[in-house]
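Structure file my_file34.txt (compact mmCIF, C-alpha atoms) is printed below.
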# COMPACT_ATOMS: atom_id res chain seq x y z
CA MET A 245 42.94 141.46 147.67
CA ILE A 246 42.50 143.43 144.53
CA ARG A 247 45.57 144.45 142.81
CA ARG A 248 45.74 147.91 141.52
CA ILE A 249 45.62 147.87 137.75
CA ASP A 250 48.39 150.09 136.62
CA GLY A 251 47.93 152.16 133.55
CA LEU A 252 49.43 150.80 130.37
CA ASN A 253 53.06 151.32 130.79
CA LEU A 254 54.00 152.03 127.20
CA ASN A 255 57.63 152.69 127.02
CA PRO A 256 58.50 153.68 123.47
CA ASN A 257 62.04 152.50 123.99
CA VAL A 258 60.87 148.95 124.36
CA TYR A 259 59.60 148.95 120.79
CA LYS A 260 62.57 150.67 119.26
CA ASN A 261 64.44 147.53 118.30
CA THR A 262 61.52 145.74 116.71
CA ASN A 263 61.13 148.54 114.23
CA VAL A 264 64.45 147.79 112.62
CA LYS A 265 63.12 146.76 109.25
CA ALA A 266 60.25 149.18 108.96
CA ASN A 267 61.55 150.47 105.65
CA ASN A 268 62.13 147.01 104.26
CA THR A 269 58.81 145.51 105.26
CA ASN A 270 58.01 144.38 101.74
CA LEU A 271 61.32 142.60 101.26
CA ASP A 272 60.91 140.89 104.60
CA PHE A 273 57.63 139.35 103.58
CA GLU A 274 59.13 138.33 100.30
CA LYS A 275 61.99 136.65 102.05
CA ILE A 276 59.68 134.77 104.38
CA LEU A 277 57.54 133.61 101.51
CA LYS A 278 60.46 132.60 99.36
CA GLU A 279 62.04 130.59 102.13
CA SER A 280 58.74 128.91 102.88
CA ILE A 281 58.15 128.03 99.29
CA ASP A 282 61.67 126.75 98.87
CA GLU A 283 61.18 124.50 101.85
CA VAL A 284 57.86 123.28 100.53
CA ASN A 285 59.43 122.44 97.20
CA GLN A 286 62.30 120.63 98.84
CA LEU A 287 60.03 118.59 101.06
CA GLN A 288 57.79 117.70 98.16
CA GLN A 289 60.80 116.58 96.18
CA ASN A 290 61.92 114.47 99.11
CA SER A 291 58.49 112.90 99.27
CA ASP A 292 58.45 112.24 95.55
CA GLN A 293 61.88 110.65 95.75
CA ALA A 294 60.68 108.46 98.61
CA THR A 295 57.77 107.41 96.42
CA ILE A 296 60.13 106.42 93.63
CA ASP A 297 62.31 104.52 96.08
CA PHE A 298 59.26 102.72 97.38
CA ALA A 299 58.19 101.70 93.86
CA ALA A 300 61.73 100.50 93.14
CA GLY A 301 61.81 98.41 96.31
CA LYS A 302 64.55 100.41 97.99
CA ILE A 303 62.65 101.43 101.11
CA THR A 304 63.35 99.42 104.22
CA ASP A 305 60.90 101.11 106.57
CA VAL A 306 57.50 102.33 105.44
CA SER A 307 57.59 105.21 107.89
CA GLN A 308 60.25 106.80 105.71
CA VAL A 309 57.61 107.21 103.06
CA THR A 310 54.72 108.28 105.24
CA ILE A 311 56.79 110.75 107.22
CA ALA A 312 58.18 112.34 104.05
CA ALA A 313 54.67 112.66 102.69
CA GLU A 314 53.32 114.14 105.91
CA LYS A 315 56.16 116.65 106.07
CA ALA A 316 55.46 117.76 102.53
CA SER A 317 51.78 118.05 103.26
CA LEU A 318 52.21 119.93 106.53
CA SER A 319 54.74 122.40 105.15
CA LEU A 320 52.40 123.10 102.27
CA LYS A 321 49.55 123.78 104.65
CA LEU A 322 51.77 125.93 106.82
CA THR A 323 52.98 127.99 103.89
CA GLN A 324 49.42 128.42 102.79
CA GLU A 325 48.47 129.68 106.24
CA VAL A 326 51.44 132.06 106.31
CA THR A 327 50.59 133.34 102.84
CA ASN A 328 46.97 133.89 103.80
CA LYS A 329 47.97 135.74 106.95
CA ILE A 330 50.35 137.96 105.01
CA ILE A 331 47.71 138.73 102.42
CA ASP A 332 45.21 139.52 105.16
CA ALA A 333 47.76 141.79 106.82
CA TYR A 334 48.35 143.62 103.55
CA LYS A 335 44.64 144.04 103.03
CA GLU A 336 44.26 145.52 106.48
CA ILE A 337 47.17 147.86 106.00
CA THR A 338 45.93 149.14 102.65
CA ARG A 339 42.51 149.66 104.16
CA MET A 340 43.97 151.68 107.00
CA GLN A 341 45.73 154.10 104.74
CA LEU A 342 42.58 155.30 103.05
CA MET B 298 49.76 125.40 76.61
CA LEU B 299 47.22 124.65 79.28
CA SER B 300 47.65 120.92 79.45
CA LYS B 301 46.79 119.12 82.64
CA LYS B 302 50.45 118.53 83.32
CA TYR B 303 51.33 122.17 82.97
CA ILE B 304 48.63 123.37 85.32
CA LEU B 305 49.37 120.77 87.93
CA GLY B 306 52.81 122.18 88.32
CA GLY B 307 55.95 120.44 87.20
CA ASN B 308 56.38 117.38 85.07
CA LYS B 309 58.34 115.33 87.51
CA MET B 310 55.90 115.56 90.37
CA TYR B 311 52.99 114.85 88.07
CA ASP B 312 54.74 111.88 86.54
CA ILE B 313 55.64 110.33 89.84
CA ASN B 314 52.26 110.65 91.47
CA PHE B 315 49.87 110.50 88.55
CA GLU B 316 51.67 108.20 86.13
CA LEU B 317 53.92 105.93 88.19
CA LEU B 318 51.60 105.28 91.13
CA PRO B 319 48.50 104.38 89.08
CA LYS B 320 50.60 102.03 86.98
CA TYR B 321 52.04 100.47 90.12
CA LEU B 322 48.55 100.02 91.58
CA GLU B 323 47.29 98.34 88.45
CA ALA B 324 50.25 95.99 88.38
CA LYS B 325 49.70 95.02 92.01
CA ASN B 326 46.02 94.42 91.28
CA THR B 327 46.98 92.06 88.47
CA GLU B 328 49.48 90.34 90.72
CA ASN B 329 46.81 89.86 93.37
CA GLN B 330 44.61 87.95 90.97
CA ILE B 331 47.49 85.74 89.91
CA ILE B 332 48.37 84.93 93.52
CA ASN B 333 44.74 84.05 94.18
CA GLN B 334 44.70 81.81 91.10
CA ASN B 335 47.73 79.98 92.46
CA ILE B 336 46.14 79.53 95.89
CA ALA B 337 42.86 78.34 94.39
CA ASN B 338 44.75 75.79 92.29
CA TYR B 339 46.96 74.53 95.10
CA SER B 340 45.35 71.07 94.78
CA THR B 341 45.05 70.96 90.99
CA PRO B 342 47.13 68.17 89.45
CA GLY B 343 49.74 69.41 86.98
CA TYR B 344 49.12 73.09 87.72
CA LYS B 345 52.16 75.33 87.40
CA ARG B 346 52.21 78.53 89.40
CA LYS B 347 52.01 81.87 87.68
CA TYR B 348 53.69 85.09 88.67
CA VAL B 349 53.80 88.68 87.56
CA ASN B 350 56.97 90.18 86.23
CA PHE B 351 56.82 93.83 87.21
CA ASP B 352 58.92 94.72 90.22
CA GLU B 353 62.21 93.88 88.57
CA GLU B 354 61.35 95.70 85.36
CA LEU B 355 60.21 98.75 87.27
CA LYS B 356 63.38 98.73 89.36
CA LYS B 357 65.44 98.70 86.20
CA ALA B 358 63.46 101.52 84.67
CA LEU B 359 63.73 103.68 87.78
CA GLY B 360 67.31 102.63 88.22
CA ASN B 361 69.85 104.73 89.95
CA SER B 362 69.12 107.88 88.05
CA ASP B 363 66.91 110.64 89.33
CA GLU B 364 65.25 111.24 86.03
CA ILE B 365 62.13 109.33 85.26
CA LYS B 366 62.33 108.45 81.63
CA LEU B 367 58.93 108.62 80.08
CA LYS B 368 59.76 109.00 76.44
CA THR B 369 60.63 105.98 74.36
CA ASN B 370 63.32 107.76 72.43
CA ASN B 371 65.61 108.46 75.31
CA PRO B 372 69.34 107.70 75.46
CA SER B 373 68.96 105.11 78.18
CA HIS B 374 67.39 102.81 75.62
CA ILE B 375 70.86 102.18 74.35
CA ASN B 376 71.89 100.88 77.74
CA ASN B 377 69.02 98.43 77.71
CA THR B 378 67.25 100.30 80.48
CA PRO B 379 63.52 100.08 79.86
CA SER B 380 61.67 103.35 79.81
CA LEU B 381 59.00 103.75 82.44
CA GLU B 382 56.26 104.00 79.87
CA LYS B 383 57.02 100.53 78.60
CA VAL B 384 57.05 98.81 81.95
CA GLN B 385 53.98 96.60 82.13
CA ALA B 386 52.89 93.81 84.38
CA GLN B 387 53.65 90.59 82.51
CA ILE B 388 52.05 87.35 83.55
CA GLU B 389 54.49 84.44 83.38
CA THR B 390 54.31 80.76 84.18
CA ASP B 391 56.83 79.13 86.46
CA ASN B 392 57.51 75.77 84.89
CA SER B 393 59.97 74.56 87.48
CA LYS B 394 59.75 70.96 88.60
CA SER B 395 57.52 70.19 91.49
CA GLU B 396 58.31 67.98 94.44
CA ARG B 397 54.79 66.67 94.51
CA ASN B 398 53.50 63.55 92.86
CA ASP B 399 50.76 65.37 91.06
CA GLY B 400 53.10 67.76 89.22
CA ASN B 401 51.72 70.84 90.97
CA ASN B 402 54.47 73.28 91.97
CA VAL B 403 52.53 75.69 94.15
CA ASP B 404 54.28 76.37 97.45
CA ILE B 405 51.44 77.40 99.68
CA ASP B 406 53.67 79.10 102.24
CA ASN B 407 55.27 81.18 99.52
CA GLU B 408 51.90 82.17 98.11
CA GLU B 409 50.68 83.20 101.55
CA LYS B 410 53.74 85.40 101.95
CA ASN B 411 53.22 86.89 98.49
CA LEU B 412 49.55 87.51 99.26
CA ASN B 413 50.41 89.53 102.36
CA ILE B 414 53.19 91.50 100.71
CA ASN B 415 51.05 92.26 97.68
CA TYR B 416 48.25 93.65 99.82
CA LEU B 417 50.64 95.86 101.79
CA GLU B 418 52.30 97.16 98.65
CA TYR B 419 48.93 98.05 97.17
CA SER B 420 47.77 99.78 100.35
CA THR B 421 50.97 101.79 100.60
CA ALA B 422 50.73 102.98 97.01
CA ALA B 423 47.07 103.87 97.53
CA ARG B 424 48.03 105.93 100.57
CA LEU B 425 50.76 107.74 98.64
CA MET B 426 48.28 108.56 95.89
CA THR B 427 45.99 109.99 98.52
CA TYR B 428 48.74 112.24 99.85
CA ALA B 429 49.46 113.50 96.35
CA ILE B 430 45.81 114.18 95.62
CA GLN B 431 45.38 116.02 98.89
CA ARG B 432 48.44 118.13 98.16
CA TYR B 433 47.01 119.09 94.81
CA ASN B 434 43.68 119.83 96.39
CA LEU B 435 45.42 122.30 98.70
CA VAL B 436 47.11 124.04 95.82
CA VAL B 437 43.99 124.18 93.69
CA ARG B 438 41.85 125.49 96.52
CA SER B 439 44.33 128.12 97.61
CA GLY B 440 43.93 130.16 94.46
CA LYS B 441 41.30 132.56 95.74
CA MET C 31 30.69 93.79 87.43
CA ASP C 32 32.68 90.58 87.64
CA GLY C 33 35.91 92.08 86.41
CA LEU C 34 35.99 94.27 89.48
CA PHE C 35 35.69 91.31 91.82
CA ASN C 36 37.63 88.70 89.90
CA ALA C 37 40.16 88.27 92.69
CA MET C 38 37.38 87.48 95.11
CA ASN C 39 35.67 85.14 92.68
CA ILE C 40 38.88 83.21 92.15
CA SER C 41 39.40 82.71 95.86
CA SER C 42 35.73 81.86 96.44
CA SER C 43 35.99 79.11 93.88
CA GLY C 44 39.03 77.82 95.75
CA MET C 45 37.06 77.78 99.00
CA ALA C 46 34.19 75.90 97.41
CA ALA C 47 36.46 73.33 95.82
CA GLU C 48 38.46 72.68 98.99
CA ARG C 49 35.28 72.45 101.03
CA LEU C 50 33.96 69.75 98.70
CA ARG C 51 37.30 68.00 98.97
CA LEU C 52 37.04 68.10 102.77
CA ASN C 53 33.57 66.61 102.58
CA ILE C 54 34.80 63.74 100.44
CA ILE C 55 37.73 63.11 102.77
CA SER C 56 35.32 63.06 105.72
CA GLN C 57 33.18 60.57 103.89
CA ASN C 58 36.21 58.36 103.26
CA LEU C 59 37.19 58.48 106.90
CA ALA C 60 33.68 57.78 108.11
CA ASN C 61 33.51 54.74 105.85
CA ALA C 62 37.00 53.40 106.40
CA GLU C 63 35.56 50.28 107.99
CA THR C 64 32.42 49.87 105.90
CA THR C 65 32.68 46.33 104.55
CA LYS C 66 29.34 46.30 102.79
CA THR C 67 27.58 48.98 100.83
CA ASP C 68 24.38 48.85 98.73
CA SER C 69 26.34 47.44 95.85
CA GLY C 70 27.45 44.55 98.00
CA ASP C 71 31.06 45.61 97.84
CA PRO C 72 33.03 47.32 100.56
CA TYR C 73 33.15 51.13 100.49
CA ARG C 74 35.32 52.43 97.69
CA ARG C 75 37.49 55.47 98.39
CA LYS C 76 36.44 58.63 96.56
CA SER C 77 38.60 61.50 95.47
CA VAL C 78 38.02 64.87 93.82
CA VAL C 79 39.57 65.95 90.56
CA PHE C 80 40.42 69.64 90.46
CA LYS C 81 40.73 71.59 87.25
CA GLU C 82 41.93 75.14 86.64
CA VAL C 83 39.25 77.48 85.30
CA LEU C 84 40.36 79.57 82.33
CA ASN C 85 38.03 81.67 80.21
CA SER C 86 39.79 81.93 76.89
CA GLU C 87 37.24 84.41 75.53
CA LEU C 88 38.34 86.96 78.11
CA SER C 89 41.68 88.70 78.10
CA GLY C 90 44.17 89.49 80.77
CA THR C 91 43.47 88.50 84.32
CA ASP C 92 39.73 88.28 83.62
CA SER C 93 40.48 84.96 81.98
CA TYR C 94 41.52 83.46 85.29
CA GLY C 95 38.52 81.91 86.97
CA GLY C 96 40.08 80.00 89.83
CA VAL C 97 39.35 76.30 90.10
CA ARG C 98 36.50 73.81 90.00
CA VAL C 99 35.90 70.20 90.87
CA GLU C 100 35.59 68.43 87.56
CA GLU C 101 34.38 65.17 89.02
CA VAL C 102 34.28 63.00 92.07
CA GLN C 103 36.09 59.83 91.17
CA GLU C 104 36.03 56.40 92.65
CA ASP C 105 39.42 55.03 93.51
CA LEU C 106 39.74 51.82 91.50
CA SER C 107 42.67 50.44 93.42
CA PRO C 108 41.97 47.04 94.95
CA PHE C 109 40.30 46.53 98.28
CA LYS C 110 42.42 45.60 101.24
CA ILE C 111 42.27 41.98 102.25
CA VAL C 112 42.46 41.48 105.98
CA TYR C 113 42.47 38.26 107.94
CA ASP C 114 39.64 38.52 110.43
CA PRO C 115 37.58 35.34 110.89
CA THR C 116 35.39 36.96 113.54
CA ASN C 117 34.04 39.43 111.00
CA PRO C 118 30.55 38.48 109.72
CA GLN C 119 31.70 39.41 106.20
CA ALA C 120 34.64 37.05 106.30
CA ASN C 121 34.81 34.30 103.66
CA GLU C 122 35.47 30.59 104.34
CA GLU C 123 39.19 31.17 104.78
CA GLY C 124 38.52 34.02 107.25
CA TYR C 125 39.45 36.90 104.98
CA VAL C 126 37.49 40.13 104.68
CA GLU C 127 37.61 42.71 101.96
CA MET C 128 38.07 46.14 103.54
CA PRO C 129 37.67 49.58 101.95
CA ASN C 130 40.70 50.84 100.05
CA VAL C 131 40.93 53.81 102.40
CA ASN C 132 44.28 54.65 103.90
CA VAL C 133 43.39 56.58 107.02
CA LEU C 134 46.77 58.25 107.36
CA LYS C 135 46.73 59.51 103.81
CA GLU C 136 43.21 60.84 104.29
CA MET C 137 44.34 62.72 107.42
CA VAL C 138 47.25 64.31 105.58
CA ASP C 139 44.93 65.28 102.73
CA MET C 140 42.51 66.73 105.24
CA ILE C 141 45.18 68.94 106.79
CA ASN C 142 46.22 70.17 103.35
CA ALA C 143 42.65 70.82 102.33
CA GLN C 144 41.99 72.76 105.52
CA ARG C 145 45.11 74.86 105.07
CA ALA C 146 44.16 75.60 101.47
CA TYR C 147 40.58 76.42 102.46
CA GLU C 148 41.74 78.87 105.10
CA LEU C 149 44.24 80.55 102.80
CA ASN C 150 41.57 80.97 100.15
CA ALA C 151 39.37 82.56 102.82
CA SER C 152 42.21 84.93 103.76
CA ALA C 153 42.60 85.78 100.10
CA VAL C 154 38.92 86.74 99.90
CA SER C 155 39.41 89.07 102.87
CA ALA C 156 42.55 90.55 101.36
CA ALA C 157 40.76 91.16 98.06
CA LYS C 158 37.99 92.96 99.90
CA ALA C 159 40.46 95.08 101.85
CA MET C 160 42.34 95.96 98.68
CA TYR C 161 39.12 96.95 96.97
CA ASN C 162 38.39 99.32 99.86
CA ALA C 163 41.91 100.73 99.77
CA GLY C 164 41.45 101.54 96.10
CA LEU C 165 38.00 102.95 96.72
CA ASN C 166 39.29 105.32 99.39
CA ILE C 167 42.14 106.85 97.43
CA GLY C 168 42.06 110.61 97.92
CA LYS C 169 40.07 110.47 101.13

I need this file expressed as structure tokens, please.
Amino acid sequence: MIRRIDGLNLNPNVYKNTNVKANNTNLDFEKILKESIDEVNQLQQNSDQATIDFAAGKITDVSQVTIAAEKASLSLKLTQEVTNKIIDAYKEITRMQL
Amino acid sequence: MLSKKYILGGNKMYDINFELLPKYLEAKNTENQIINQNIANYSTPGYKRKYVNFDEELKKALGNSDEIKLKTNNPSHINNTPSLEKVQAQIETDNSKSERNDGNNVDIDNEEKNLNINYLEYSTAARLMTYAIQRYNLVVRSGK
Amino acid sequence: MDGLFNAMNISSSGMAAERLRLNIISQNLANAETTKTDSGDPYRRKSVVFKEVLNSELSGTDSYGGVRVEEVQEDLSPFKIVYDPTNPQANEEGYVEMPNVNVLKEMVDMINAQRAYELNASAVSAAKAMYNAGLNIGK
């Protein structure tokens, strides 16, 4: 039984709400980036503090140290990915306008 | 001022991962040799065990403050808190009396415990250094 | 290259020394009843003398060289005199001179030597593992 493929049912009203910040697109990206970078910095500081605590003999469970380090590392990678994607998006957009 | 520290982003992070950790690793390496010397001389008449004084000194230097004090002319010197720069692994001899007839005061169980702990401490610090290096690699490589 | 592997060298020297000690203990035990040796006397207990190895020309931990057996000594304590007229070595009164080996003491020494040997072996493994951990930093 073959289903009939309906034509693309593009209802402009569906997309109305997602266009809310069309005028503030730049600021939105900035905000995303800033929040990401803030989080990265915080997690790196946490990891560095865990390292100090380890060296000072204050850590009771080694996973505290490894988890903090992994979190810092992962958030850094994630932010990098986000940044790259944003830059790629910008590049595409600027190319389109020509 | 394009010093290594400046480029690698932030004094504190650099100091923790590229000053503190290498120093810690070296101290643990020294300690390892001392522990091995004790174990090798377990049967040597008159031998007194040696140990490395580092952990306590480091703990004092890191203290309860968040600031790592690297300069020698910092206020904490007045409080008798050693600055991190000055913390070194010192080899000391434990001259306590032994219970054995031959004057040897090596407690083999204690040395075995120390051996295991020392290895784990070293491995952990090595792992943390690796994390830090990988983080810096990410940052360095991301500058396209 | 030795500075790199000093920890291993130290523990290897410990293994070698304890192994020699074990050999001597075995010899003592094997000869605990030997009433006549080539010299005519009963077997005399042997013991090893350990000495710490320190290289004063080197600085820091490089100066620590572990341990070595300085000499194998003969125990000069007197032979045991046992009343045993049936023994072919017995004198007119029926007394025999027996080796000055105390079997129980030798057994205790053997256990200690074995424990020390094994711990030195563990230390060699740990040194190797630590070397690798250092080698792999960053990977």

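With distances restricted to only C-alpha atoms, C:Gly90 is the closest residue to Val349 of chain B from C:Pro108, C:Gly44, C:Gly90, C:Pro72.
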
Would you give me, as JSON lines, each residue of chain C having an atom within 10 Å of an atom of chain B, along with its shortest atom pair and that distance in Å to one decimal, using all atoms listed in the file and sorting by chain and residue number?
{"residue": "C:Phe35", "atom": "CA", "partner": "B:Gln330", "partner_atom": "CA", "distance": 9.6}
{"residue": "C:Asn36", "atom": "CA", "partner": "B:Gln330", "partner_atom": "CA", "distance": 7.1}
{"residue": "C:Ala37", "atom": "CA", "partner": "B:Gln330", "partner_atom": "CA", "distance": 4.8}
{"residue": "C:Met38", "atom": "CA", "partner": "B:Asn333", "partner_atom": "CA", "distance": 8.2}
{"residue": "C:Asn39", "atom": "CA", "partner": "B:Asn333", "partner_atom": "CA", "distance": 9.3}
{"residue": "C:Ile40", "atom": "CA", "partner": "B:Gln334", "partner_atom": "CA", "distance": 6.1}
{"residue": "C:Ser41", "atom": "CA", "partner": "B:Asn333", "partner_atom": "CA", "distance": 5.8}
{"residue": "C:Ser42", "atom": "CA", "partner": "B:Ala337", "partner_atom": "CA", "distance": 8.2}
{"residue": "C:Ser43", "atom": "CA", "partner": "B:Ala337", "partner_atom": "CA", "distance": 6.9}
{"residue": "C:Gly44", "atom": "CA", "partner": "B:Ala337", "partner_atom": "CA", "distance": 4.1}
{"residue": "C:Met45", "atom": "CA", "partner": "B:Ala337", "partner_atom": "CA", "distance": 7.4}
{"residue": "C:Ala46", "atom": "CA", "partner": "B:Ala337", "partner_atom": "CA", "distance": 9.5}
{"residue": "C:Ala47", "atom": "CA", "partner": "B:Ala337", "partner_atom": "CA", "distance": 8.3}
{"residue": "C:Glu48", "atom": "CA", "partner": "B:Ser340", "partner_atom": "CA", "distance": 8.2}
{"residue": "C:Arg51", "atom": "CA", "partner": "B:Ser340", "partner_atom": "CA", "distance": 9.6}
{"residue": "C:Val78", "atom": "CA", "partner": "B:Ser340", "partner_atom": "CA", "distance": 9.6}
{"residue": "C:Val79", "atom": "CA", "partner": "B:Thr341", "partner_atom": "CA", "distance": 7.4}
{"residue": "C:Phe80", "atom": "CA", "partner": "B:Thr341", "partner_atom": "CA", "distance": 4.8}
{"residue": "C:Lys81", "atom": "CA", "partner": "B:Thr341", "partner_atom": "CA", "distance": 5.7}
{"residue": "C:Glu82", "atom": "CA", "partner": "B:Asn338", "partner_atom": "CA", "distance": 6.3}
{"residue": "C:Val83", "atom": "CA", "partner": "B:Asn338", "partner_atom": "CA", "distance": 9.1}
{"residue": "C:Gly90", "atom": "CA", "partner": "B:Thr327", "partner_atom": "CA", "distance": 8.6}
{"residue": "C:Thr91", "atom": "CA", "partner": "B:Thr327", "partner_atom": "CA", "distance": 6.5}
{"residue": "C:Asp92", "atom": "CA", "partner": "B:Gln330", "partner_atom": "CA", "distance": 8.8}
{"residue": "C:Tyr94", "atom": "CA", "partner": "B:Gln334", "partner_atom": "CA", "distance": 6.8}
{"residue": "C:Gly95", "atom": "CA", "partner": "B:Gln334", "partner_atom": "CA", "distance": 7.4}
{"residue": "C:Gly96", "atom": "CA", "partner": "B:Gln334", "partner_atom": "CA", "distance": 5.1}
{"residue": "C:Val97", "atom": "CA", "partner": "B:Asn338", "partner_atom": "CA", "distance": 5.8}
{"residue": "C:Arg98", "atom": "CA", "partner": "B:Asn338", "partner_atom": "CA", "distance": 8.8}
{"residue": "C:Val99", "atom": "CA", "partner": "B:Thr341", "partner_atom": "CA", "distance": 9.2}
{"residue": "C:Asp139", "atom": "CA", "partner": "B:Ser340", "partner_atom": "CA", "distance": 9.8}
{"residue": "C:Asn142", "atom": "CA", "partner": "B:Ser340", "partner_atom": "CA", "distance": 8.7}
{"residue": "C:Ala143", "atom": "CA", "partner": "B:Ser340", "partner_atom": "CA", "distance": 8.0}
{"residue": "C:Arg145", "atom": "CA", "partner": "B:Ile405", "partner_atom": "CA", "distance": 8.7}
{"residue": "C:Ala146", "atom": "CA", "partner": "B:Tyr339", "partner_atom": "CA", "distance": 7.0}
{"residue": "C:Tyr147", "atom": "CA", "partner": "B:Ala337", "partner_atom": "CA", "distance": 8.6}
{"residue": "C:Leu149", "atom": "CA", "partner": "B:Glu409", "partner_atom": "CA", "distance": 7.1}
{"residue": "C:Asn150", "atom": "CA", "partner": "B:Ile336", "partner_atom": "CA", "distance": 6.4}
{"residue": "C:Ser152", "atom": "CA", "partner": "B:Glu409", "partner_atom": "CA", "distance": 8.9}
{"residue": "C:Ala153", "atom": "CA", "partner": "B:Asn333", "partner_atom": "CA", "distance": 6.5}
{"residue": "C:Val154", "atom": "CA", "partner": "B:Asn333", "partner_atom": "CA", "distance": 8.6}
{"residue": "C:Ala156", "atom": "CA", "partner": "B:Tyr416", "partner_atom": "CA", "distance": 6.7}
{"residue": "C:Ala157", "atom": "CA", "partner": "B:Asn329", "partner_atom": "CA", "distance": 7.8}
{"residue": "C:Ala159", "atom": "CA", "partner": "B:Tyr416", "partner_atom": "CA", "distance": 8.2}
{"residue": "C:Met160", "atom": "CA", "partner": "B:Tyr416", "partner_atom": "CA", "distance": 6.4}
{"residue": "C:Tyr161", "atom": "CA", "partner": "B:Asn326", "partner_atom": "CA", "distance": 9.3}
{"residue": "C:Asn162", "atom": "CA", "partner": "B:Ser420", "partner_atom": "CA", "distance": 9.4}
{"residue": "C:Ala163", "atom": "CA", "partner": "B:Ser420", "partner_atom": "CA", "distance": 6.0}
{"residue": "C:Gly164", "atom": "CA", "partner": "B:Ala423", "partner_atom": "CA", "distance": 6.2}
{"residue": "C:Leu165", "atom": "CA", "partner": "B:Ala423", "partner_atom": "CA", "distance": 9.2}
{"residue": "C:Asn166", "atom": "CA", "partner": "B:Ala423", "partner_atom": "CA", "distance": 8.1}
{"residue": "C:Ile167", "atom": "CA", "partner": "B:Thr427", "partner_atom": "CA", "distance": 5.1}
{"residue": "C:Gly168", "atom": "CA", "partner": "B:Thr427", "partner_atom": "CA", "distance": 4.0}
{"residue": "C:Lys169", "atom": "CA", "partner": "B:Thr427", "partner_atom": "CA", "distance": 6.5}

For atom CA of Val436 of chain B and atom CA of Ile303 of chain A, determine how far apart the two atoms are, in Å to one decimal place.
27.9 Å

Atom CA of Asn58 of chain C to atom CA of Asp404 of chain B measures 26.2 Å

Quick one: distance from atom CA of Tyr334 of chain A to atom CA of Ile276 of chain A in Å, one decimal?
14.4 Å

Return the padded bounding box of segment 298-304 of chain A as JSON: axis-aligned, built from all atoms listed in the file, 3 Å added on each side, with centre and edge lengths in Å to one decimal.
{"center_x": 61.4, "center_y": 100.6, "center_z": 98.7, "size_x": 12.4, "size_y": 10.3, "size_z": 17.1}

Once you count all atoms listed in the file, which residues of chain A turn out to be within 7 Å of chain B? Could you give them as a list in words?
Asp292, Ala300, Ala313 and Ser317 of chain A

Find the spatial neighbours of Glu136 of chain C, counting all atoms listed in the file, within a cut-off of 12 Å - ignore same-chain residues fewer than 2 positions away - and output them as a PyMOL selection string.
chain C and resi 51-62+75-77+130-134+138-143

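Comparing A:Gln308, A:Lys275, A:Gln293, A:Val284 by their smallest distance to Gln324 of chain A, the closest is A:Val284 (using only C-alpha atoms).
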
Contact residues around Ala312 of chain A with only C-alpha atoms at 8 Å, ignoring same-chain residues under 4 positions, as number ranges by chain:
A: 287-288, 290-291, 294, 308, 316

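Near Glu127 of chain C, within a cut-off of 10 Å and counting only C-alpha atoms, sit the residues Glu63, Thr64, Thr65, Lys66, Asp71, Pro72, Tyr73, Pro108, Phe109, Lys110, Ile111, Val112, Tyr113, Asp114, Gln119, Ala120, Asn121, Tyr125, Pro129 and Asn130 of chain C, with same-chain residues fewer than 2 positions away left out.
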
Among the residues B:Asn350, B:Phe315, B:Asn411, B:Val437, the one that comes closest to Thr390 of chain B [using all atoms listed in the file]:
B:Asn350
